[in-house]
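protein.cif (mmCIF, C-alpha atoms) appears below.
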```cif
data_protein
#
loop_
_atom_site.group_PDB
_atom_site.id
_atom_site.type_symbol
_atom_site.label_atom_id
_atom_site.label_comp_id
_atom_site.auth_asym_id
_atom_site.auth_seq_id
_atom_site.Cartn_x
_atom_site.Cartn_y
_atom_site.Cartn_z
ATOM 1 C CA MET A 14 123.477 101.123 100.559
ATOM 2 C CA ASP A 15 122.334 104.617 99.573
ATOM 3 C CA LEU A 16 119.080 104.077 97.675
ATOM 4 C CA GLY A 17 119.170 107.519 96.069
ATOM 5 C CA LEU A 18 115.862 108.557 97.611
ATOM 6 C CA LYS A 19 116.906 111.664 99.513
ATOM 7 C CA ASP A 20 114.423 114.491 98.905
ATOM 8 C CA LYS A 21 112.312 112.438 96.484
ATOM 9 C CA ARG A 22 108.611 112.960 97.112
ATOM 10 C CA ALA A 23 106.720 109.757 97.824
ATOM 11 C CA LEU A 24 102.952 109.370 98.046
ATOM 12 C CA VAL A 25 101.894 106.244 99.934
ATOM 13 C CA CYS A 26 98.181 105.479 99.906
ATOM 14 C CA ALA A 27 96.309 103.915 102.820
ATOM 15 C CA SER A 28 99.370 104.300 105.016
ATOM 16 C CA SER A 29 98.130 105.053 108.527
ATOM 17 C CA GLN A 30 98.678 101.393 109.451
ATOM 18 C CA GLY A 31 99.735 98.002 108.132
ATOM 19 C CA LEU A 32 101.804 97.463 105.007
ATOM 20 C CA GLY A 33 101.205 100.993 103.731
ATOM 21 C CA TYR A 34 102.612 102.382 106.965
ATOM 22 C CA ALA A 35 105.625 100.070 106.696
ATOM 23 C CA CYS A 36 106.362 101.360 103.197
ATOM 24 C CA ALA A 37 105.981 104.984 104.263
ATOM 25 C CA PHE A 38 108.289 104.418 107.222
ATOM 26 C CA ALA A 39 110.993 102.768 105.094
ATOM 27 C CA LEU A 40 110.875 105.513 102.460
ATOM 28 C CA SER A 41 111.085 108.209 105.136
ATOM 29 C CA ARG A 42 114.028 106.471 106.762
ATOM 30 C CA GLU A 43 115.788 106.498 103.379
ATOM 31 C CA GLY A 44 115.423 110.270 103.073
ATOM 32 C CA ALA A 45 112.277 110.671 100.989
ATOM 33 C CA VAL A 46 109.691 113.339 101.761
ATOM 34 C CA VAL A 47 106.647 111.170 102.408
ATOM 35 C CA VAL A 48 102.974 112.012 101.966
ATOM 36 C CA ILE A 49 100.828 109.543 103.860
ATOM 37 C CA ASN A 50 97.121 109.044 103.329
ATOM 38 C CA GLY A 51 94.085 107.622 105.076
ATOM 39 C CA ARG A 52 90.437 108.350 105.823
ATOM 40 C CA ASP A 53 90.696 108.920 109.588
ATOM 41 C CA PRO A 54 92.363 112.317 110.234
ATOM 42 C CA GLN A 55 93.281 111.551 113.863
ATOM 43 C CA LYS A 56 94.757 108.148 113.080
ATOM 44 C CA LEU A 57 96.607 109.640 110.130
ATOM 45 C CA ALA A 58 98.073 112.458 112.204
ATOM 46 C CA ALA A 59 99.290 109.962 114.800
ATOM 47 C CA ALA A 60 100.978 107.913 112.074
ATOM 48 C CA ARG A 61 102.605 111.036 110.638
ATOM 49 C CA ASP A 62 103.998 112.049 113.996
ATOM 50 C CA ARG A 63 105.236 108.551 114.733
ATOM 51 C CA ILE A 64 107.081 108.214 111.412
ATOM 52 C CA ALA A 65 108.588 111.695 111.612
ATOM 53 C CA GLY A 66 109.598 111.180 115.225
ATOM 54 C CA GLU A 67 111.398 107.917 114.528
ATOM 55 C CA THR A 68 113.015 108.749 111.178
ATOM 56 C CA GLY A 69 113.556 112.494 111.508
ATOM 57 C CA GLY A 70 112.122 112.875 108.019
ATOM 58 C CA GLU A 71 109.585 115.265 106.563
ATOM 59 C CA VAL A 72 106.149 113.642 106.589
ATOM 60 C CA GLU A 73 102.899 115.171 105.361
ATOM 61 C CA ALA A 74 99.430 113.779 105.950
ATOM 62 C CA VAL A 75 96.448 114.099 103.609
ATOM 63 C CA ALA A 76 93.095 112.721 104.720
ATOM 64 C CA ALA A 77 91.160 111.556 101.675
ATOM 65 C CA ASP A 78 89.188 108.554 100.465
ATOM 66 C CA ILE A 79 90.979 107.301 97.368
ATOM 67 C CA GLY A 80 87.902 105.259 96.507
ATOM 68 C CA THR A 81 86.196 108.451 95.340
ATOM 69 C CA ILE A 82 86.915 110.877 92.511
ATOM 70 C CA GLU A 83 86.851 113.775 94.963
ATOM 71 C CA GLY A 84 89.212 112.029 97.358
ATOM 72 C CA ARG A 85 91.760 111.299 94.638
ATOM 73 C CA LYS A 86 91.595 114.882 93.414
ATOM 74 C CA THR A 87 92.153 116.189 96.955
ATOM 75 C CA LEU A 88 95.095 113.844 97.465
ATOM 76 C CA LEU A 89 96.859 114.658 94.201
ATOM 77 C CA GLU A 90 96.422 118.406 94.631
ATOM 78 C CA ALA A 91 97.755 118.322 98.176
ATOM 79 C CA ALA A 92 100.645 115.983 97.377
ATOM 80 C CA GLY A 93 102.080 118.156 94.603
ATOM 81 C CA VAL A 94 105.039 116.863 92.609
ATOM 82 C CA ILE A 95 105.364 113.116 93.144
ATOM 83 C CA ASP A 96 108.397 110.980 92.270
ATOM 84 C CA ILE A 97 107.203 107.775 93.938
ATOM 85 C CA LEU A 98 103.664 106.408 94.136
ATOM 86 C CA VAL A 99 102.786 103.433 96.318
ATOM 87 C CA ASN A 100 99.225 102.319 95.640
ATOM 88 C CA ASN A 101 97.402 100.548 98.422
ATOM 89 C CA ASN A 102 93.839 100.112 99.587
ATOM 90 C CA SER A 103 91.912 97.706 101.765
ATOM 91 C CA GLY A 104 90.135 94.909 99.953
ATOM 92 C CA PRO A 105 86.648 93.444 100.253
ATOM 93 C CA PRO A 106 86.038 90.786 102.907
ATOM 94 C CA PRO A 107 86.016 87.076 102.137
ATOM 95 C CA GLY A 108 82.751 85.641 100.873
ATOM 96 C CA HIS A 109 81.042 83.307 98.429
ATOM 97 C CA PHE A 110 80.487 83.730 94.704
ATOM 98 C CA ALA A 111 76.761 83.088 95.016
ATOM 99 C CA ASN A 112 76.421 86.098 97.320
ATOM 100 C CA TRP A 113 78.302 88.587 95.131
ATOM 101 C CA ASP A 114 75.914 90.599 93.010
ATOM 102 C CA GLU A 115 76.845 93.275 90.473
ATOM 103 C CA THR A 116 77.138 95.879 93.215
ATOM 104 C CA ALA A 117 79.725 93.762 95.034
ATOM 105 C CA TRP A 118 81.832 93.306 91.905
ATOM 106 C CA LEU A 119 81.703 97.007 91.062
ATOM 107 C CA GLY A 120 82.656 97.803 94.653
ATOM 108 C CA ALA A 121 85.781 95.646 94.356
ATOM 109 C CA ILE A 122 86.772 97.377 91.126
ATOM 110 C CA ASP A 123 86.175 100.782 92.717
ATOM 111 C CA ALA A 124 88.435 99.845 95.639
ATOM 112 C CA ASN A 125 91.224 97.739 94.191
ATOM 113 C CA MET A 126 91.540 98.618 90.498
ATOM 114 C CA LEU A 127 90.333 102.079 89.519
ATOM 115 C CA PRO A 128 91.885 104.156 92.351
ATOM 116 C CA ALA A 129 95.385 102.909 91.562
ATOM 117 C CA LEU A 130 94.979 103.423 87.825
ATOM 118 C CA MET A 131 93.575 106.928 88.240
ATOM 119 C CA LEU A 132 96.383 107.934 90.610
ATOM 120 C CA ILE A 133 98.950 106.544 88.170
ATOM 121 C CA ARG A 134 97.286 108.568 85.433
ATOM 122 C CA GLY A 135 97.606 111.663 87.605
ATOM 123 C CA VAL A 136 101.319 111.356 88.407
ATOM 124 C CA LEU A 137 102.682 109.711 85.265
ATOM 125 C CA PRO A 138 103.089 112.775 83.006
ATOM 126 C CA GLY A 139 105.272 114.534 85.578
ATOM 127 C CA MET A 140 107.357 111.451 86.217
ATOM 128 C CA ARG A 141 108.014 110.993 82.510
ATOM 129 C CA ALA A 142 108.911 114.642 82.049
ATOM 130 C CA ARG A 143 111.400 114.541 84.943
ATOM 131 C CA LYS A 144 112.841 111.180 83.799
ATOM 132 C CA PHE A 145 112.290 109.526 87.159
ATOM 133 C CA GLY A 146 109.339 107.653 88.538
ATOM 134 C CA ARG A 147 108.700 104.644 90.717
ATOM 135 C CA ILE A 148 105.220 103.144 90.953
ATOM 136 C CA VAL A 149 104.550 100.219 93.275
ATOM 137 C CA ASN A 150 101.153 98.578 93.625
ATOM 138 C CA ILE A 151 100.467 96.575 96.778
ATOM 139 C CA THR A 152 98.233 93.777 95.519
ATOM 140 C CA SER A 153 98.013 90.219 96.891
ATOM 141 C CA ALA A 154 99.616 86.806 96.591
ATOM 142 C CA MET A 155 96.240 85.652 95.320
ATOM 143 C CA VAL A 156 96.775 87.503 92.063
ATOM 144 C CA LYS A 157 98.854 84.427 91.172
ATOM 145 C CA SER A 158 97.142 81.927 93.477
ATOM 146 C CA PRO A 159 93.399 82.682 93.456
ATOM 147 C CA ARG A 160 91.181 81.278 96.182
ATOM 148 C CA GLY A 161 87.416 81.229 96.072
ATOM 149 C CA PRO A 162 86.599 83.208 99.233
ATOM 150 C CA MET A 163 88.849 86.072 98.093
ATOM 151 C CA GLY A 164 87.473 86.184 94.546
ATOM 152 C CA LEU A 165 86.416 89.834 94.629
ATOM 153 C CA SER A 166 89.821 91.070 95.729
ATOM 154 C CA THR A 167 91.697 88.670 93.452
ATOM 155 C CA ALA A 168 89.787 89.662 90.341
ATOM 156 C CA ALA A 169 90.119 93.419 90.839
ATOM 157 C CA ARG A 170 93.810 93.251 91.733
ATOM 158 C CA ALA A 171 94.561 90.936 88.808
ATOM 159 C CA ALA A 172 92.913 93.457 86.487
ATOM 160 C CA LEU A 173 95.141 96.206 87.914
ATOM 161 C CA THR A 174 98.166 93.953 87.390
ATOM 162 C CA ALA A 175 97.273 93.376 83.736
ATOM 163 C CA ALA A 176 96.716 97.061 83.032
ATOM 164 C CA CYS A 177 100.060 97.986 84.591
ATOM 165 C CA LYS A 178 101.887 95.221 82.725
ATOM 166 C CA ALA A 179 100.587 96.715 79.489
ATOM 167 C CA LEU A 180 101.681 100.207 80.550
ATOM 168 C CA ALA A 181 105.165 99.403 81.902
ATOM 169 C CA PRO A 182 106.952 99.080 78.512
ATOM 170 C CA GLU A 183 105.532 102.408 77.342
ATOM 171 C CA VAL A 184 107.181 104.362 80.163
ATOM 172 C CA ALA A 185 110.378 102.387 80.757
ATOM 173 C CA ALA A 186 112.503 104.578 78.478
ATOM 174 C CA ASP A 187 111.631 107.565 80.682
ATOM 175 C CA ASN A 188 113.089 105.827 83.772
ATOM 176 C CA VAL A 189 109.626 105.147 85.161
ATOM 177 C CA THR A 190 109.077 101.687 86.608
ATOM 178 C CA ILE A 191 105.841 99.964 87.581
ATOM 179 C CA ASN A 192 105.965 96.907 89.820
ATOM 180 C CA ASN A 193 103.609 94.976 92.063
ATOM 181 C CA MET A 194 104.187 93.554 95.537
ATOM 182 C CA LEU A 195 102.204 90.406 96.320
ATOM 183 C CA PRO A 196 102.067 89.856 100.109
ATOM 184 C CA GLU A 197 100.839 86.803 101.946
ATOM 185 C CA ARG A 198 100.325 86.522 105.715
ATOM 186 C CA PHE A 199 102.085 89.591 107.060
ATOM 187 C CA ASP A 200 101.577 90.326 110.741
ATOM 188 C CA THR A 201 99.237 93.294 110.413
ATOM 189 C CA GLU A 202 95.786 94.264 111.633
ATOM 190 C CA ARG A 203 94.364 92.325 108.673
ATOM 191 C CA GLN A 204 95.823 89.055 109.942
ATOM 192 C CA GLN A 205 94.525 89.763 113.422
ATOM 193 C CA GLN A 206 91.049 90.076 111.914
ATOM 194 C CA MET A 207 91.518 86.837 109.981
ATOM 195 C CA ALA A 208 92.563 85.053 113.189
ATOM 196 C CA LYS A 209 89.443 86.297 114.970
ATOM 197 C CA LEU A 210 87.335 85.094 112.053
ATOM 198 C CA ALA A 211 88.955 81.648 112.300
ATOM 199 C CA MET A 212 88.250 81.634 116.050
ATOM 200 C CA ALA A 213 84.554 82.138 115.450
ATOM 201 C CA MET A 214 84.307 79.679 112.555
ATOM 202 C CA LYS A 215 86.345 76.872 114.120
ATOM 203 C CA ASN A 216 85.710 77.425 117.842
ATOM 204 C CA ILE A 217 89.437 77.692 118.615
ATOM 205 C CA THR A 218 91.506 80.141 120.651
ATOM 206 C CA TYR A 219 93.168 83.213 119.187
ATOM 207 C CA GLU A 220 96.607 81.657 119.713
ATOM 208 C CA GLU A 221 95.502 78.449 117.963
ATOM 209 C CA ALA A 222 94.146 80.470 115.066
ATOM 210 C CA ARG A 223 97.395 82.410 114.755
ATOM 211 C CA THR A 224 99.438 79.216 114.800
ATOM 212 C CA GLU A 225 97.212 77.621 112.178
ATOM 213 C CA ILE A 226 97.610 80.609 109.874
ATOM 214 C CA ALA A 227 101.379 80.798 110.361
ATOM 215 C CA ASP A 228 101.709 77.072 109.680
ATOM 216 C CA SER A 229 100.103 77.616 106.265
ATOM 217 C CA ILE A 230 103.257 79.536 105.251
ATOM 218 C CA ALA A 231 106.338 77.622 104.140
ATOM 219 C CA ALA A 232 108.514 79.711 106.467
ATOM 220 C CA LYS A 233 106.209 78.781 109.371
ATOM 221 C CA ARG A 234 105.923 82.369 110.520
ATOM 222 C CA PHE A 235 104.180 85.599 109.657
ATOM 223 C CA GLY A 236 106.022 88.110 107.527
ATOM 224 C CA GLN A 237 107.054 91.245 109.386
ATOM 225 C CA PRO A 238 105.823 94.590 108.014
ATOM 226 C CA GLU A 239 109.375 95.952 108.218
ATOM 227 C CA GLU A 240 110.497 93.297 105.728
ATOM 228 C CA PHE A 241 107.792 94.417 103.347
ATOM 229 C CA GLY A 242 108.655 98.101 103.745
ATOM 230 C CA ASP A 243 112.327 97.485 103.013
ATOM 231 C CA ALA A 244 111.461 95.583 99.823
ATOM 232 C CA CYS A 245 109.256 98.476 98.747
ATOM 233 C CA ALA A 246 112.039 100.989 99.376
ATOM 234 C CA PHE A 247 114.395 99.004 97.162
ATOM 235 C CA LEU A 248 111.874 98.839 94.302
ATOM 236 C CA CYS A 249 111.637 102.630 94.575
ATOM 237 C CA SER A 250 115.403 103.116 94.582
ATOM 238 C CA ALA A 251 117.719 104.466 91.921
ATOM 239 C CA GLN A 252 119.282 100.994 91.751
ATOM 240 C CA ALA A 253 115.967 99.398 90.719
ATOM 241 C CA GLY A 254 115.619 101.324 87.470
ATOM 242 C CA PHE A 255 115.997 98.157 85.359
ATOM 243 C CA ILE A 256 113.219 96.302 87.201
ATOM 244 C CA SER A 257 109.750 96.943 85.801
ATOM 245 C CA GLY A 258 106.548 95.100 85.038
ATOM 246 C CA GLN A 259 107.286 92.529 87.734
ATOM 247 C CA ASN A 260 105.268 90.790 90.444
ATOM 248 C CA LEU A 261 107.332 90.314 93.585
ATOM 249 C CA GLN A 262 106.055 87.475 95.789
ATOM 250 C CA LEU A 263 106.525 88.157 99.499
ATOM 251 C CA ASP A 264 105.163 84.984 100.982
ATOM 252 C CA GLY A 265 107.877 83.129 102.875
ATOM 253 C CA GLY A 266 108.463 80.741 99.963
ATOM 254 C CA SER A 267 104.866 79.524 99.802
ATOM 255 C CA TYR A 268 104.080 80.067 96.121
ATOM 256 C CA HIS A 269 104.140 76.761 94.256
ATOM 257 C CA GLY A 270 104.294 78.100 90.707
ATOM 258 C CA LEU A 271 107.378 78.517 88.546
ATOM 259 C CA ILE A 272 106.532 81.929 87.072
#
```

Encoding of this model in structure tokens:
Amino acid sequence: MDLGLKDKRALVCASSQGLGYACAFALSREGAVVVINGRDPQKLAAARDRIAGETGGEVEAVAADIGTIEGRKTLLEAAGVIDILVNNNSGPPPGHFANWDETAWLGAIDANMLPALMLIRGVLPGMRARKFGRIVNITSAMVKSPRGPMGLSTAARAALTAACKALAPEVAADNVTINNMLPERFDTERQQQMAKLAMAMKNITYEEARTEIADSIAAKRFGQPEEFGDACAFLCSAQAGFISGQNLQLDGGSYHGLI
């Protein structure tokens, strides 16, 4: 299927590794000009070269911290005209409510709510004027299924989800869509860190920790980043113009809710 993405310009945040990288790779493979982003210039350059080498596409790299006003300004100025925006950023670590002071809560908002909204604000006028725009926010399965240890991340990402749900109907007539992808247990660096944390907490081996985590998913396996990237590419496609304001669960069938 031709997704109609050839020569569209896509900005993918936090894309030097993990799910952001998977989205950037899929969009590049489908013919988009991709701008990738991260804070480590060397790591970012390696990711750019790897994507371009494997897809043959045009890939640009912009080192910037999207958690800062200056970083977002640098990124938007360097990226230029943007048709597709994929918002992504690392979240705060697990913890306990009693240990989260006001600084911790503000830090979560500054990482997982405000950067995405400010980047949307920056690209939206151009998208509406050109009558094409695709905005995808990478959030978390815990937006719908909150868990105590991930409260900081859940709260900030749920706030982003609500703000975008309110915005989606306002821009739909201009062929601009806003959707959220809610991953759970994809085989990325994040899950490797979680397995190591389980090792230390439960005095088990790395393999046992990995098996325990995978068994918590209905599909009894980790999701593959490539599966996530392909889903992102479809949400950004010409064919997905009638899909907006939605939360797509990517969790191997684990979500127990109806809606």

### Exercise: segment 162-166 of chain A partners within 9 Å, all atoms listed in the file, chain neighbours under 6 positions left out, as a list in words
Gly104, Pro105, Pro106, Pro107, Gly108, His109, Phe110, Trp113, Ala117, Trp118, Gly120, Ala121, Ile122, Ala124, Asn125, Thr152, Ser153, Met155 and Val156 of chain A

### Query
Please, what distance in Å, to one decimal, runs between atom CA of Asp15 of chain A and atom CA of Glu71 of chain A?
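These two atoms are separated by 18.0 Å.
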
### Message
One number please: atom CA of Ser250 of chain A to atom CA of Val47 of chain A, in Å, one decimal.
### Response
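It comes out at 14.2 Å.
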
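Here the PyMOL selection byres ((chain A and resi 186) around 12) catches exactly these residues: Met140, Arg141, Ala142, Arg143, Lys144, Phe145, Gly146, Leu180, Ala181, Pro182, Glu183, Val184, Ala185, Asp187, Asn188, Val189, Thr190, Gly254, Phe255 and Ser257 of chain A.
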
### Task
Record the distance separating atom CA of Ala74 of chain A and atom CA of Leu89 of chain A, expressed in Å with one decimal.
12.1 Å

### Message
as number ranges by chain, please: the residues near Asp96 of chain A (cut-off 6 Å, all atoms listed in the file, same-chain neighbours under 4 positions excluded).
### Response
A: 21-23, 146

### Task
Within 7 Å of Val149 of chain A, counting only C-alpha atoms, which residues show up once you throw out same-chain ones fewer than 6 positions away? Write them as an MDAnalysis selection string, please.
chainID A and resid 98:100 191:193

Resulting file, chosen residues, C-alpha atoms, as a tab-separated table (two decimals), in the coordinates of the input:
```
chain	number	residue	atom	x	y	z
A	98	LEU	CA	103.66	106.41	94.14
A	99	VAL	CA	102.79	103.43	96.32
A	100	ASN	CA	99.22	102.32	95.64
A	191	ILE	CA	105.84	99.96	87.58
A	192	ASN	CA	105.96	96.91	89.82
A	193	ASN	CA	103.61	94.98	92.06
```

Please return the centre and edge lengths, in Å to one decimal, of a box with edges along x, y and z that contains all listed atoms of segment 106-121 of chain A, widened by 5 Å on every side, as JSON.
```
{"center_x": 81.0, "center_y": 90.4, "center_z": 96.7, "size_x": 20.1, "size_y": 24.7, "size_z": 22.4}
```

### Task
Could you check which of A:Phe235, A:Ala246, A:Gln252, A:Ile230 is closest to Gln204 of chain A, using all atoms listed in the file?
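The closest residue to Gln204 of chain A is A:Phe235.
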
### Query
Written as a list in words, what is the full residue list that the PyMOL selection byres ((chain A and resi 270) around 9) yields on the file shown?
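This file, filtered by the PyMOL selection byres ((chain A and resi 270) around 9), leaves Lys157, Ser158, Tyr268, His269, Leu271 and Ile272 of chain A.
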
### Query
Which residues match the PyMOL selection byres ((chain A and resi 195) around 6) in the file above, as a list in words?
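Taken over the shown coordinates, the PyMOL selection byres ((chain A and resi 195) around 6) returns Thr152, Ser153, Ala154, Met194, Pro196, Leu261, Gln262 and Leu263 of chain A.
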
### Task
Would you list the contacts of segment 79-88 of chain A as a PyMOL selection string, taking every protein, DNA or RNA residue within 8 Å and counting only C-alpha atoms, but skipping same-chain residues closer than 5 positions in sequence?
chain A and resi 26+50+123-124+128+131-132

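Proximity to Ser41 of chain A was assessed for A:Asp114, A:Asp243, A:Glu225, A:Glu90 counting all atoms listed in the file; the smallest distance is recorded for A:Asp243.
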
### Query
So which one's closest to Glu221 of chain A, A:Met14, A:Ala208, A:Arg52, A:Cys36? Using all atoms listed in the file, please.
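Among the listed residues, the smallest separation from Glu221 of chain A belongs to A:Ala208.
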